[in-house]
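Text of model.cif (mmCIF, C-alpha atoms) as supplied:
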```cif
data_structure
loop_
_atom_site.group_PDB
_atom_site.id
_atom_site.type_symbol
_atom_site.label_atom_id
_atom_site.label_comp_id
_atom_site.auth_asym_id
_atom_site.auth_seq_id
_atom_site.Cartn_x
_atom_site.Cartn_y
_atom_site.Cartn_z
ATOM 1 C CA MET A 1 -6.571 1.154 -11.656
ATOM 2 C CA HIS A 2 -3.393 2.734 -10.297
ATOM 3 C CA GLU A 3 -1.761 2.219 -13.703
ATOM 4 C CA LEU A 4 -2.585 5.815 -14.618
ATOM 5 C CA GLY A 5 -0.685 7.112 -11.578
ATOM 6 C CA ILE A 6 2.202 4.810 -12.402
ATOM 7 C CA ALA A 7 2.175 5.921 -16.048
ATOM 8 C CA GLU A 8 2.296 9.581 -14.979
ATOM 9 C CA ASN A 9 5.353 8.890 -12.811
ATOM 10 C CA LEU A 10 6.942 6.871 -15.597
ATOM 11 C CA VAL A 11 6.382 9.525 -18.236
ATOM 12 C CA SER A 12 7.706 12.283 -15.999
ATOM 13 C CA ILE A 13 10.961 10.299 -15.594
ATOM 14 C CA VAL A 14 11.112 9.655 -19.353
ATOM 15 C CA LEU A 15 10.611 13.325 -20.215
ATOM 16 C CA GLU A 16 13.128 14.450 -17.608
ATOM 17 C CA VAL A 17 15.821 12.095 -18.907
ATOM 18 C CA ALA A 18 14.986 12.970 -22.516
ATOM 19 C CA GLY A 19 15.263 16.674 -21.644
ATOM 20 C CA ASN A 20 18.640 16.195 -19.950
ATOM 21 C CA GLU A 21 19.911 14.267 -22.963
ATOM 22 C CA LYS A 22 18.453 16.858 -25.351
ATOM 23 C CA LEU A 23 16.423 14.262 -27.241
ATOM 24 C CA THR A 24 13.823 15.608 -29.641
ATOM 25 C CA LYS A 25 11.948 12.331 -29.911
ATOM 26 C CA VAL A 26 11.553 9.266 -27.694
ATOM 27 C CA THR A 27 10.858 6.095 -29.685
ATOM 28 C CA LYS A 28 10.995 3.368 -27.059
ATOM 29 C CA VAL A 29 10.831 3.013 -23.286
ATOM 30 C CA ASN A 30 12.136 -0.161 -21.634
ATOM 31 C CA VAL A 31 10.756 -1.021 -18.215
ATOM 32 C CA SER A 32 10.929 -3.928 -15.762
ATOM 33 C CA ILE A 33 7.665 -4.811 -14.069
ATOM 34 C CA GLY A 34 7.648 -7.297 -11.206
ATOM 35 C CA GLU A 35 5.082 -10.058 -11.401
ATOM 36 C CA MET A 36 3.956 -9.150 -7.886
ATOM 37 C CA SER A 37 3.749 -5.406 -8.500
ATOM 38 C CA GLN A 38 0.055 -5.812 -9.321
ATOM 39 C CA VAL A 39 0.416 -3.838 -12.514
ATOM 40 C CA VAL A 40 -1.765 -5.035 -15.368
ATOM 41 C CA PRO A 41 0.491 -4.720 -18.445
ATOM 42 C CA ASP A 42 -2.348 -3.936 -20.875
ATOM 43 C CA LEU A 43 -3.670 -1.198 -18.597
ATOM 44 C CA LEU A 44 -0.206 0.282 -18.147
ATOM 45 C CA GLU A 45 0.252 0.279 -21.921
ATOM 46 C CA THR A 46 -3.023 2.169 -22.406
ATOM 47 C CA ALA A 47 -2.273 4.580 -19.566
ATOM 48 C CA PHE A 48 1.213 5.167 -20.979
ATOM 49 C CA GLN A 49 -0.106 5.992 -24.453
ATOM 50 C CA VAL A 50 -2.677 8.386 -22.997
ATOM 51 C CA THR A 51 -0.032 10.105 -20.877
ATOM 52 C CA VAL A 52 2.584 10.553 -23.615
ATOM 53 C CA ALA A 53 0.081 12.074 -26.047
ATOM 54 C CA GLY A 54 1.252 15.532 -27.080
ATOM 55 C CA THR A 55 4.794 15.056 -25.718
ATOM 56 C CA ILE A 56 8.041 14.163 -27.491
ATOM 57 C CA ALA A 57 7.374 10.569 -26.437
ATOM 58 C CA GLU A 58 4.077 10.375 -28.306
ATOM 59 C CA ASN A 59 3.682 6.952 -29.974
ATOM 60 C CA ALA A 60 6.793 5.611 -28.220
ATOM 61 C CA GLU A 61 6.801 1.860 -27.781
ATOM 62 C CA LEU A 62 6.585 0.607 -24.191
ATOM 63 C CA GLU A 63 8.616 -2.580 -23.808
ATOM 64 C CA MET A 64 7.780 -4.383 -20.560
ATOM 65 C CA GLU A 65 9.966 -7.094 -19.151
ATOM 66 C CA ILE A 66 7.962 -9.077 -16.596
ATOM 67 C CA VAL A 67 10.211 -10.099 -13.705
ATOM 68 C CA PRO A 68 9.304 -13.287 -11.800
ATOM 69 C CA VAL A 69 9.103 -13.270 -8.005
ATOM 70 C CA LYS A 70 12.396 -14.382 -6.490
ATOM 71 C CA LEU A 71 13.003 -15.066 -2.821
ATOM 72 C CA LYS A 72 16.117 -15.402 -0.731
ATOM 73 C CA CYS A 73 16.202 -17.533 2.390
ATOM 74 C CA MET A 74 17.715 -15.724 5.366
ATOM 75 C CA ASP A 75 18.646 -19.025 6.994
ATOM 76 C CA CYS A 76 20.292 -21.060 4.224
ATOM 77 C CA ASP A 77 20.905 -18.333 1.594
ATOM 78 C CA ALA A 78 19.048 -20.277 -1.106
ATOM 79 C CA GLU A 79 17.608 -18.120 -3.894
ATOM 80 C CA PHE A 80 14.644 -19.371 -5.862
ATOM 81 C CA GLU A 81 11.686 -18.289 -7.973
ATOM 82 C CA ILE A 82 8.155 -18.897 -6.788
ATOM 83 C CA HIS A 83 5.170 -19.521 -9.001
ATOM 84 C CA GLU A 84 2.546 -19.612 -6.303
ATOM 85 C CA ASN A 85 2.346 -17.310 -3.355
ATOM 86 C CA ILE A 86 4.115 -19.561 -0.895
ATOM 87 C CA PHE A 87 6.709 -17.633 1.043
ATOM 88 C CA VAL A 88 8.643 -20.543 2.448
ATOM 89 C CA CYS A 89 12.168 -21.659 1.559
ATOM 90 C CA GLU A 90 11.978 -24.529 -0.904
ATOM 91 C CA ASN A 91 15.368 -25.749 0.269
ATOM 92 C CA CYS A 92 15.159 -25.764 4.074
ATOM 93 C CA GLY A 93 11.528 -24.894 4.806
ATOM 94 C CA SER A 94 12.386 -21.694 6.669
ATOM 95 C CA GLN A 95 9.796 -18.919 6.785
ATOM 96 C CA GLN A 96 12.501 -16.278 7.024
ATOM 97 C CA VAL A 97 12.494 -15.332 3.366
ATOM 98 C CA GLU A 98 12.909 -11.992 1.687
ATOM 99 C CA ILE A 99 11.586 -10.912 -1.686
ATOM 100 C CA ILE A 100 14.615 -9.987 -3.781
ATOM 101 C CA SER A 101 12.814 -9.334 -7.041
ATOM 102 C CA GLY A 102 9.358 -9.387 -8.548
ATOM 103 C CA THR A 103 7.844 -6.344 -6.856
ATOM 104 C CA GLU A 104 9.825 -3.709 -8.721
ATOM 105 C CA MET A 105 8.785 -1.161 -11.303
ATOM 106 C CA PHE A 106 11.887 0.152 -13.013
ATOM 107 C CA VAL A 107 12.666 2.306 -16.028
ATOM 108 C CA LYS A 108 15.644 0.513 -17.547
ATOM 109 C CA SER A 109 16.359 2.747 -20.511
ATOM 110 C CA ILE A 110 14.860 4.998 -23.089
ATOM 111 C CA GLU A 111 15.578 5.132 -26.808
ATOM 112 C CA GLY A 112 15.287 8.134 -29.053
ATOM 113 C CA GLU A 113 17.066 10.660 -31.189
ATOM 114 C CA MET B 114 20.422 6.037 -29.235
ATOM 115 C CA GLU B 115 19.662 4.238 -25.994
ATOM 116 C CA ILE B 116 20.049 5.957 -22.627
ATOM 117 C CA LYS B 117 20.366 3.868 -19.478
ATOM 118 C CA VAL B 118 18.066 5.117 -16.733
ATOM 119 C CA MET B 119 17.665 2.400 -14.037
ATOM 120 C CA LYS B 120 15.239 4.352 -11.933
ATOM 121 C CA ASN B 121 12.320 3.208 -9.799
ATOM 122 C CA ILE B 122 9.130 4.425 -11.497
ATOM 123 C CA LEU B 123 7.698 5.382 -8.108
ATOM 124 C CA ASP B 124 10.868 7.222 -7.045
ATOM 125 C CA ARG B 125 8.990 10.481 -6.631
ATOM 126 C CA ASN B 126 6.497 8.851 -4.299
ATOM 127 C CA GLN B 127 9.221 7.003 -2.411
ATOM 128 C CA ASN B 128 11.308 10.130 -1.881
ATOM 129 C CA LYS B 129 8.327 12.051 -0.547
ATOM 130 C CA ALA B 130 7.369 9.113 1.668
ATOM 131 C CA ASN B 131 10.875 9.117 3.125
ATOM 132 C CA GLU B 132 10.503 12.835 3.799
ATOM 133 C CA VAL B 133 7.139 12.316 5.533
ATOM 134 C CA ARG B 134 8.652 9.504 7.617
ATOM 135 C CA LYS B 135 11.518 11.749 8.669
ATOM 136 C CA ILE B 136 9.230 14.616 9.689
ATOM 137 C CA LEU B 137 6.987 12.299 11.725
ATOM 138 C CA LYS B 138 9.966 10.674 13.398
ATOM 139 C CA GLU B 139 11.316 14.052 14.470
ATOM 140 C CA LYS B 140 7.927 14.844 15.980
ATOM 141 C CA ASN B 141 7.564 11.382 17.541
ATOM 142 C CA VAL B 142 4.331 10.762 15.672
ATOM 143 C CA LYS B 143 3.455 7.245 14.544
ATOM 144 C CA MET B 144 1.499 6.951 11.318
ATOM 145 C CA ILE B 145 -0.675 3.932 10.559
ATOM 146 C CA ASN B 146 -1.871 3.237 7.035
ATOM 147 C CA LEU B 147 -5.211 1.382 7.051
ATOM 148 C CA ILE B 148 -5.886 -0.556 3.865
ATOM 149 C CA SER B 149 -8.994 -2.584 3.067
ATOM 150 C CA SER B 150 -11.715 -2.969 0.490
ATOM 151 C CA PRO B 151 -14.749 -0.652 0.709
ATOM 152 C CA GLY B 152 -17.028 -1.708 3.538
ATOM 153 C CA ALA B 153 -14.592 -3.909 5.466
ATOM 154 C CA GLY B 154 -15.000 -1.661 8.491
ATOM 155 C CA LYS B 155 -12.037 0.721 8.524
ATOM 156 C CA THR B 156 -14.072 3.646 9.822
ATOM 157 C CA THR B 157 -15.874 1.526 12.414
ATOM 158 C CA LEU B 158 -12.521 0.199 13.559
ATOM 159 C CA LEU B 159 -11.265 3.768 13.832
ATOM 160 C CA GLU B 160 -14.313 4.608 15.950
ATOM 161 C CA ARG B 161 -13.500 1.711 18.296
ATOM 162 C CA ILE B 162 -9.843 2.785 18.390
ATOM 163 C CA CYS B 163 -10.770 6.378 19.229
ATOM 164 C CA GLU B 164 -13.154 5.205 21.953
ATOM 165 C CA ARG B 165 -10.524 3.073 23.614
ATOM 166 C CA LEU B 166 -7.233 4.799 22.930
ATOM 167 C CA SER B 167 -7.935 8.513 22.642
ATOM 168 C CA GLY B 168 -7.387 8.847 26.391
ATOM 169 C CA GLU B 169 -3.973 7.269 26.118
ATOM 170 C CA PHE B 170 -2.807 8.844 22.845
ATOM 171 C CA ARG B 171 -3.396 12.139 21.089
ATOM 172 C CA VAL B 172 -4.925 10.889 17.861
ATOM 173 C CA GLY B 173 -5.329 12.541 14.463
ATOM 174 C CA VAL B 174 -6.924 11.107 11.340
ATOM 175 C CA ILE B 175 -6.445 11.564 7.612
ATOM 176 C CA GLU B 176 -9.490 10.329 5.754
ATOM 177 C CA GLY B 177 -8.876 9.343 2.144
ATOM 178 C CA ASP B 178 -12.077 9.111 0.180
ATOM 179 C CA VAL B 179 -12.922 9.268 -3.474
ATOM 180 C CA THR B 180 -15.630 11.759 -2.643
ATOM 181 C CA THR B 181 -17.674 12.971 0.386
ATOM 182 C CA ASP B 182 -16.593 13.518 3.985
ATOM 183 C CA ARG B 183 -18.992 10.944 5.433
ATOM 184 C CA ASP B 184 -16.255 8.946 7.168
ATOM 185 C CA ALA B 185 -14.881 12.106 8.743
ATOM 186 C CA GLN B 186 -18.395 13.051 9.944
ATOM 187 C CA ARG B 187 -18.605 9.748 11.810
ATOM 188 C CA LEU B 188 -15.414 10.560 13.716
ATOM 189 C CA LYS B 189 -16.366 14.151 14.520
ATOM 190 C CA ARG B 190 -17.752 13.260 17.939
ATOM 191 C CA PHE B 191 -14.255 12.449 19.189
ATOM 192 C CA GLU B 192 -13.171 16.067 18.732
ATOM 193 C CA ILE B 193 -9.867 15.054 17.222
ATOM 194 C CA PRO B 194 -8.104 16.740 14.302
ATOM 195 C CA ILE B 195 -9.371 15.186 11.054
ATOM 196 C CA VAL B 196 -8.367 16.108 7.528
ATOM 197 C CA VAL B 197 -10.198 14.764 4.495
ATOM 198 C CA ILE B 198 -8.401 14.082 1.244
ATOM 199 C CA ASN B 199 -10.862 13.631 -1.606
ATOM 200 C CA THR B 200 -9.031 11.863 -4.387
ATOM 201 C CA GLU B 201 -11.787 12.783 -6.913
ATOM 202 C CA GLY B 202 -11.732 9.397 -8.564
ATOM 203 C CA GLY B 203 -8.211 8.397 -7.598
ATOM 204 C CA CYS B 204 -8.023 4.859 -6.234
ATOM 205 C CA HIS B 205 -5.313 5.400 -3.613
ATOM 206 C CA LEU B 206 -3.491 8.006 -1.548
ATOM 207 C CA ASP B 207 0.118 8.823 -2.313
ATOM 208 C CA SER B 208 2.877 10.383 -0.242
ATOM 209 C CA HIS B 209 2.476 13.797 -1.877
ATOM 210 C CA SER B 210 -1.161 14.031 -0.802
ATOM 211 C CA ILE B 211 -0.136 13.135 2.767
ATOM 212 C CA TYR B 212 2.735 15.627 2.748
ATOM 213 C CA LYS B 213 0.402 18.404 1.629
ATOM 214 C CA VAL B 214 -1.960 17.933 4.572
ATOM 215 C CA LEU B 215 0.675 17.447 7.298
ATOM 216 C CA ASP B 216 0.627 21.228 7.775
ATOM 217 C CA CYS B 217 -3.021 21.008 8.843
ATOM 218 C CA PHE B 218 -1.982 19.173 12.012
ATOM 219 C CA ASN B 219 -0.068 20.499 14.974
ATOM 220 C CA LEU B 220 2.357 17.580 15.073
ATOM 221 C CA ASP B 221 3.702 18.680 18.444
ATOM 222 C CA ASN B 222 0.297 17.866 19.902
ATOM 223 C CA LEU B 223 -0.077 14.479 18.270
ATOM 224 C CA ASP B 224 1.096 10.940 19.080
ATOM 225 C CA VAL B 225 -0.614 8.949 16.372
ATOM 226 C CA LEU B 226 -1.885 9.728 12.901
ATOM 227 C CA PHE B 227 -4.227 7.170 11.369
ATOM 228 C CA VAL B 228 -4.588 7.271 7.612
ATOM 229 C CA GLU B 229 -7.723 5.679 6.248
ATOM 230 C CA ASN B 230 -6.727 4.874 2.700
ATOM 231 C CA VAL B 231 -9.215 4.692 -0.167
ATOM 232 C CA GLY B 232 -11.110 1.382 -0.027
ATOM 233 C CA ASN B 233 -9.141 -0.826 -2.404
ATOM 234 C CA LEU B 234 -6.981 -3.929 -1.972
ATOM 235 C CA VAL B 235 -4.667 -3.341 -4.908
ATOM 236 C CA CYS B 236 -3.605 0.215 -5.622
ATOM 237 C CA PRO B 237 -2.798 1.547 -2.120
ATOM 238 C CA THR B 238 -0.249 -1.234 -1.603
ATOM 239 C CA ALA B 239 2.070 0.233 -4.259
ATOM 240 C CA PHE B 240 2.315 3.639 -2.587
ATOM 241 C CA ASP B 241 4.372 4.097 0.546
ATOM 242 C CA LEU B 242 2.911 7.024 2.483
ATOM 243 C CA GLY B 243 5.702 7.280 5.017
ATOM 244 C CA GLU B 244 3.769 5.208 7.553
ATOM 245 C CA SER B 245 5.214 3.457 10.598
ATOM 246 C CA PHE B 246 3.150 0.394 9.831
ATOM 247 C CA ARG B 247 0.420 -0.960 7.611
ATOM 248 C CA LEU B 248 -2.793 -2.359 8.963
ATOM 249 C CA ALA B 249 -4.760 -4.568 6.577
ATOM 250 C CA VAL B 250 -8.446 -4.938 7.393
ATOM 251 C CA VAL B 251 -10.482 -7.675 5.792
ATOM 252 C CA SER B 252 -13.995 -8.759 6.721
ATOM 253 C CA VAL B 253 -15.817 -12.079 6.805
ATOM 254 C CA PRO B 254 -18.489 -11.303 4.138
ATOM 255 C CA GLU B 255 -15.737 -10.605 1.589
ATOM 256 C CA GLY B 256 -14.764 -14.273 1.597
ATOM 257 C CA ASP B 257 -11.780 -16.253 2.848
ATOM 258 C CA ASP B 258 -9.840 -16.025 -0.422
ATOM 259 C CA LYS B 259 -8.579 -12.464 0.006
ATOM 260 C CA PRO B 260 -4.979 -13.315 1.049
ATOM 261 C CA ALA B 261 -4.616 -15.663 -1.926
ATOM 262 C CA LYS B 262 -6.045 -13.091 -4.318
ATOM 263 C CA TYR B 263 -4.239 -10.010 -3.002
ATOM 264 C CA PRO B 264 -0.864 -11.347 -1.839
ATOM 265 C CA MET B 265 0.957 -8.039 -2.014
ATOM 266 C CA LEU B 266 -1.234 -6.394 0.623
ATOM 267 C CA PHE B 267 -0.937 -9.309 3.026
ATOM 268 C CA ARG B 268 2.783 -9.736 2.443
ATOM 269 C CA GLN B 269 3.418 -6.081 3.246
ATOM 270 C CA ALA B 270 0.990 -5.768 6.126
ATOM 271 C CA ASN B 271 2.488 -5.400 9.591
ATOM 272 C CA VAL B 272 -0.775 -6.471 11.177
ATOM 273 C CA VAL B 273 -3.950 -8.057 9.809
ATOM 274 C CA VAL B 274 -7.411 -7.625 11.266
ATOM 275 C CA LEU B 275 -10.245 -9.942 10.305
ATOM 276 C CA ASN B 276 -13.416 -7.999 11.084
ATOM 277 C CA LYS B 277 -17.101 -8.974 11.335
ATOM 278 C CA THR B 278 -16.394 -12.365 12.909
ATOM 279 C CA ASP B 279 -19.948 -12.184 14.315
ATOM 280 C CA LEU B 280 -21.065 -13.042 10.762
ATOM 281 C CA LEU B 281 -18.978 -16.242 10.545
ATOM 282 C CA HIS B 282 -22.023 -18.421 11.215
ATOM 283 C CA HIS B 283 -23.977 -16.795 8.400
ATOM 284 C CA THR B 284 -21.385 -17.308 5.670
ATOM 285 C CA ASN B 285 -19.252 -20.083 4.223
ATOM 286 C CA PHE B 286 -16.071 -18.256 5.285
ATOM 287 C CA SER B 287 -13.468 -20.813 6.339
ATOM 288 C CA LEU B 288 -11.130 -19.537 9.047
ATOM 289 C CA LYS B 289 -8.904 -22.492 8.314
ATOM 290 C CA ASN B 290 -8.515 -21.637 4.618
ATOM 291 C CA PHE B 291 -8.078 -17.947 5.365
ATOM 292 C CA THR B 292 -5.361 -18.561 7.934
ATOM 293 C CA TYR B 293 -3.642 -21.174 5.777
ATOM 294 C CA ASP B 294 -3.411 -18.795 2.788
ATOM 295 C CA LEU B 295 -2.341 -15.891 4.965
ATOM 296 C CA ARG B 296 0.407 -17.928 6.630
ATOM 297 C CA LYS B 297 1.804 -19.028 3.253
ATOM 298 C CA ILE B 298 2.215 -15.392 2.295
ATOM 299 C CA ASN B 299 3.183 -13.905 5.631
ATOM 300 C CA PRO B 300 3.940 -16.532 8.287
ATOM 301 C CA SER B 301 4.646 -14.145 11.121
ATOM 302 C CA VAL B 302 2.160 -11.282 10.713
ATOM 303 C CA PRO B 303 -0.053 -10.793 13.795
ATOM 304 C CA LEU B 304 -3.686 -11.669 13.016
ATOM 305 C CA PHE B 305 -6.582 -10.422 15.128
ATOM 306 C CA ARG B 306 -10.108 -11.724 14.707
ATOM 307 C CA ILE B 307 -12.528 -9.074 15.813
ATOM 308 C CA SER B 308 -16.087 -7.886 15.635
ATOM 309 C CA CYS B 309 -16.335 -4.121 15.809
ATOM 310 C CA THR B 310 -20.074 -4.300 16.403
ATOM 311 C CA GLU B 311 -20.095 -7.076 19.045
ATOM 312 C CA GLY B 312 -16.718 -6.286 20.581
ATOM 313 C CA ASP B 313 -15.194 -9.758 20.243
ATOM 314 C CA GLY B 314 -11.394 -9.747 20.109
ATOM 315 C CA LEU B 315 -11.187 -5.984 20.453
ATOM 316 C CA GLU B 316 -9.389 -5.957 23.773
ATOM 317 C CA GLU B 317 -6.578 -8.170 22.541
ATOM 318 C CA PHE B 318 -6.187 -6.033 19.427
ATOM 319 C CA MET B 319 -6.229 -2.752 21.359
ATOM 320 C CA ASN B 320 -3.570 -4.074 23.729
ATOM 321 C CA TRP B 321 -1.352 -4.956 20.786
ATOM 322 C CA LEU B 322 -2.013 -1.592 19.142
ATOM 323 C CA SER B 323 -1.386 0.397 22.294
ATOM 324 C CA LYS B 324 1.922 -1.400 22.788
ATOM 325 C CA HIS B 325 3.006 -0.670 19.216
ATOM 326 C CA LEU B 326 1.933 2.964 19.281
ATOM 327 C CA LYS B 327 4.130 3.820 22.225
ATOM 328 C CA PRO B 328 7.259 5.727 21.224
#
```

Would you mind giving the structure from this file in structure tokens?
Amino acid sequence: MHELGIAENLVSIVLEVAGNEKLTKVTKVNVSIGEMSQVVPDLLETAFQVTVAGTIAENAELEMEIVPVKLKCMDCDAEFEIHENIFVCENCGSQQVEIISGTEMFVKSIEGE
Amino acid sequence: MEIKVMKNILDRNQNKANEVRKILKEKNVKMINLISSPGAGKTTLLERICERLSGEFRVGVIEGDVTTDRDAQRLKRFEIPIVVINTEGGCHLDSHSIYKVLDCFNLDNLDVLFVENVGNLVCPTAFDLGESFRLAVVSVPEGDDKPAKYPMLFRQANVVVLNKTDLLHHTNFSLKNFTYDLRKINPSVPLFRISCTEGDGLEEFMNWLSKHLKP
């Protein structure tokens, strides 16, 4: 249940940006959540709504884009998505693979007035 | 209007973790983040580590616990600096909580700082503490499916310890399945099979640890 901690970090970024941009109301927050980040979207949604209560982002919509896990092979440069947790290159079989996306938690943008 | 942000949600934690890492590097202190579920044997492993390595290294411990200082009490006999962080319900430690207690240690008199994270296989993996490496502890009674179920921990771990191997005969734990799943996720991570109570595999693990704790 680290979603609450994540929501607190998220909301502090949202409020900071909104403050810098002199927004009086935040209506939507767009985030990217990696499939492997172990965030449960429903829990993050609830934690977000609890955290924004009483701020200028109260009732803002949280739009989550779920990013699939993508690997890059260090030997043959192949890039591919994985759907099971098998960290082996599907092209050449190498075990030298790096995660290039799917673990991130990013605030993409905020919308407001 | 829409405002582009493109910022890591855990930026604050990451920045503080980088700061912790820098401080420890300047002081030549290695920090090890121990992650496991409750009851896997993190504290017992720390006891074995203190018994065997406290002559070789000046060891300090940060104990992360939801409540109580029971783990810290168990380590008291080693007369090493121990700081308890009670998260009061929080399911993980973060870099800010580590940063706050660094002052409690005299880092000039320390070689290694072990951090016993809150028992949990999910949440602690998201929070970099500024550690030198991550040690994942898993135990036989938990079942052989842990790597498959918690891939992030095992992918990020720099070393994996399978504890309580003395109980292998009493459970349906399959070493073959465990190793197969672990290798799919992290083909090269060192794996040590140990029993903290019987002592099996401890020497090999301590040799590895001692080698990796040297500056």

What is the distance, in Å and to one decimal place, between CA of Asn222 (chain B) and CA of Gly173 (chain B)?
-> 9.5 Å

Hits of the PyMOL selection byres ((chain A and resi 27-29) around 7) in this structure, as a PyMOL selection string = chain A and resi 25-26+30-31+57+60-63+109-112

Any chance you could resolve the PyMOL selection byres ((chain B and resi 288) around 10) against this file and give the residues as an NGL selection string?
-> :B and (253 or 256-257 or 275 or 278 or 281 or 285-287 or 289-294 or 306)

A:Gly5, A:Gly34, A:Gly93, A:Met74: which is nearest Thr200 (chain B), counting only C-alpha atoms?
->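 Among the listed residues, A:Gly5 lies closest to Thr200 (chain B).
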
So that each row is one residue of chain A with an atom at most 10 Å from chain B, can you give its shortest atom pair and the distance in Å to one decimal, using all atoms listed in the file, rows by chain and rising number, as a Markdown table?
```
| residue | atom | partner | partner_atom | distance |
| --- | --- | --- | --- | --- |
| A:Met1 | CA | B:Cys204 | CA | 6.7 |
| A:His2 | CA | B:Cys236 | CA | 5.3 |
| A:Glu3 | CA | B:Cys236 | CA | 8.5 |
| A:Leu4 | CA | B:Gly203 | CA | 9.4 |
| A:Gly5 | CA | B:Gly203 | CA | 8.6 |
| A:Ile6 | CA | B:Ile122 | CA | 7.0 |
| A:Ala7 | CA | B:Ile122 | CA | 8.4 |
| A:Glu8 | CA | B:Ile122 | CA | 9.2 |
| A:Asn9 | CA | B:Ile122 | CA | 6.0 |
| A:Leu10 | CA | B:Ile122 | CA | 5.3 |
| A:Val11 | CA | B:Ile122 | CA | 8.9 |
| A:Ser12 | CA | B:Ile122 | CA | 9.2 |
| A:Ile13 | CA | B:Ile122 | CA | 7.4 |
| A:Val14 | CA | B:Val118 | CA | 8.7 |
| A:Val17 | CA | B:Val118 | CA | 7.6 |
| A:Ala18 | CA | B:Ile116 | CA | 8.7 |
| A:Glu21 | CA | B:Ile116 | CA | 8.3 |
| A:Leu23 | CA | B:Met114 | CA | 9.4 |
| A:Val26 | CA | B:Met114 | CA | 9.6 |
| A:Thr27 | CA | B:Met114 | CA | 9.6 |
| A:Lys28 | CA | B:Glu115 | CA | 8.8 |
| A:Val29 | CA | B:Glu115 | CA | 9.3 |
| A:Asn30 | CA | B:Val118 | CA | 9.3 |
| A:Val31 | CA | B:Met119 | CA | 8.8 |
| A:Ser32 | CA | B:Met119 | CA | 9.4 |
| A:Ile33 | CA | B:Ile122 | CA | 9.7 |
| A:Met36 | CA | B:Met265 | CA | 6.7 |
| A:Ser37 | CA | B:Ala239 | CA | 7.3 |
| A:Gln38 | CA | B:Val235 | CA | 6.9 |
| A:Val39 | CA | B:Cys236 | CA | 8.9 |
| A:Glu84 | CA | B:Ala261 | CA | 9.3 |
| A:Asn85 | CA | B:Ile298 | CA | 6.0 |
| A:Ile86 | CA | B:Lys297 | CA | 4.8 |
| A:Phe87 | CA | B:Ile298 | CA | 5.2 |
| A:Val88 | CA | B:Lys297 | CA | 7.1 |
| A:Gln95 | CA | B:Pro300 | CA | 6.5 |
| A:Gln96 | CA | B:Pro300 | CA | 8.7 |
| A:Val97 | CA | B:Asn299 | CA | 9.7 |
| A:Ile99 | CA | B:Arg268 | CA | 9.8 |
| A:Thr103 | CA | B:Met265 | CA | 8.6 |
| A:Glu104 | CA | B:Asn121 | CA | 7.4 |
| A:Met105 | CA | B:Ile122 | CA | 5.6 |
| A:Phe106 | CA | B:Asn121 | CA | 4.5 |
| A:Val107 | CA | B:Lys120 | CA | 5.3 |
| A:Lys108 | CA | B:Met119 | CA | 4.5 |
| A:Ser109 | CA | B:Lys117 | CA | 4.3 |
| A:Ile110 | CA | B:Ile116 | CA | 5.3 |
| A:Glu111 | CA | B:Glu115 | CA | 4.3 |
| A:Gly112 | CA | B:Met114 | CA | 5.5 |
| A:Glu113 | CA | B:Met114 | CA | 6.0 |
```

Please write as a ChimeraX atom specification the full residue list that the PyMOL selection byres ((chain B and resi 321) around 12) yields on this file.
-> /B:162,166,271-274,303-305,314-320,322-327

Quick one: everything within 12 Å of Lys135 (chain B), counting only C-alpha atoms, minus sequence neighbours fewer than 3 positions away in the same chain. Send it as a list of chain:residue names.
->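 The neighbour list is B:Asn128, B:Lys129, B:Ala130, B:Asn131, B:Glu132, B:Lys138, B:Glu139, B:Lys140, B:Asn141, B:Val142, B:Lys143, B:Met144, B:Tyr212, B:Leu242, B:Gly243, B:Glu244, B:Ser245.
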
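The gap separating CA of Ser167 (chain B) from CA of Ile193 (chain B) is 8.7 Å, in Å to one decimal.
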
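For the choices B:Val214, B:Arg187, B:Val231, B:Val225, the atom-to-atom distance to Gly202 (chain B) is smallest for B:Val231 when using all atoms listed in the file.
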
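Between CA of Pro41 (chain A) and CA of Ser208 (chain B) the interatomic distance comes to 23.8 Å.
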
Which residue, B:Leu158, B:Cys217, B:Leu188, B:Leu266, has the smallest gap to Thr310 (chain B) when you use all atoms listed in the file?
->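 Nearest to Thr310 (chain B): B:Leu158.
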
Would you kindly identify which residues have an atom no farther than 8 Å from (10.3, -15.8, -6.1), using all atoms listed in the file and the file's own coordinates, and write them out as a PDB file with C-alpha atoms, in the frame of the given file?
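What follows is the written file point_5.pdb:
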```pdb
ATOM      1  CA  PRO A  68       9.304 -13.287 -11.800  1.00  0.00           C
ATOM      2  CA  VAL A  69       9.103 -13.270  -8.005  1.00  0.00           C
ATOM      3  CA  LYS A  70      12.396 -14.382  -6.490  1.00  0.00           C
ATOM      4  CA  LEU A  71      13.003 -15.066  -2.821  1.00  0.00           C
ATOM      5  CA  LYS A  72      16.117 -15.402  -0.731  1.00  0.00           C
ATOM      6  CA  GLU A  79      17.608 -18.120  -3.894  1.00  0.00           C
ATOM      7  CA  PHE A  80      14.644 -19.371  -5.862  1.00  0.00           C
ATOM      8  CA  GLU A  81      11.686 -18.289  -7.973  1.00  0.00           C
ATOM      9  CA  ILE A  82       8.155 -18.897  -6.788  1.00  0.00           C
ATOM     10  CA  HIS A  83       5.170 -19.521  -9.001  1.00  0.00           C
ATOM     11  CA  ILE A  99      11.586 -10.912  -1.686  1.00  0.00           C
ATOM     12  CA  ILE A 100      14.615  -9.987  -3.781  1.00  0.00           C
ATOM     13  CA  SER A 101      12.814  -9.334  -7.041  1.00  0.00           C
ATOM     14  CA  GLY A 102       9.358  -9.387  -8.548  1.00  0.00           C
TER      15      GLY A 102
END
```

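Residues in contact range of Glu176 (chain B), defined as at most 7 Å between all atoms listed in the file, with sequence neighbours fewer than 5 positions away removed, read Ala185, Val196, Val197, Ile198, Val228, Glu229 and Asn230 of chain B.
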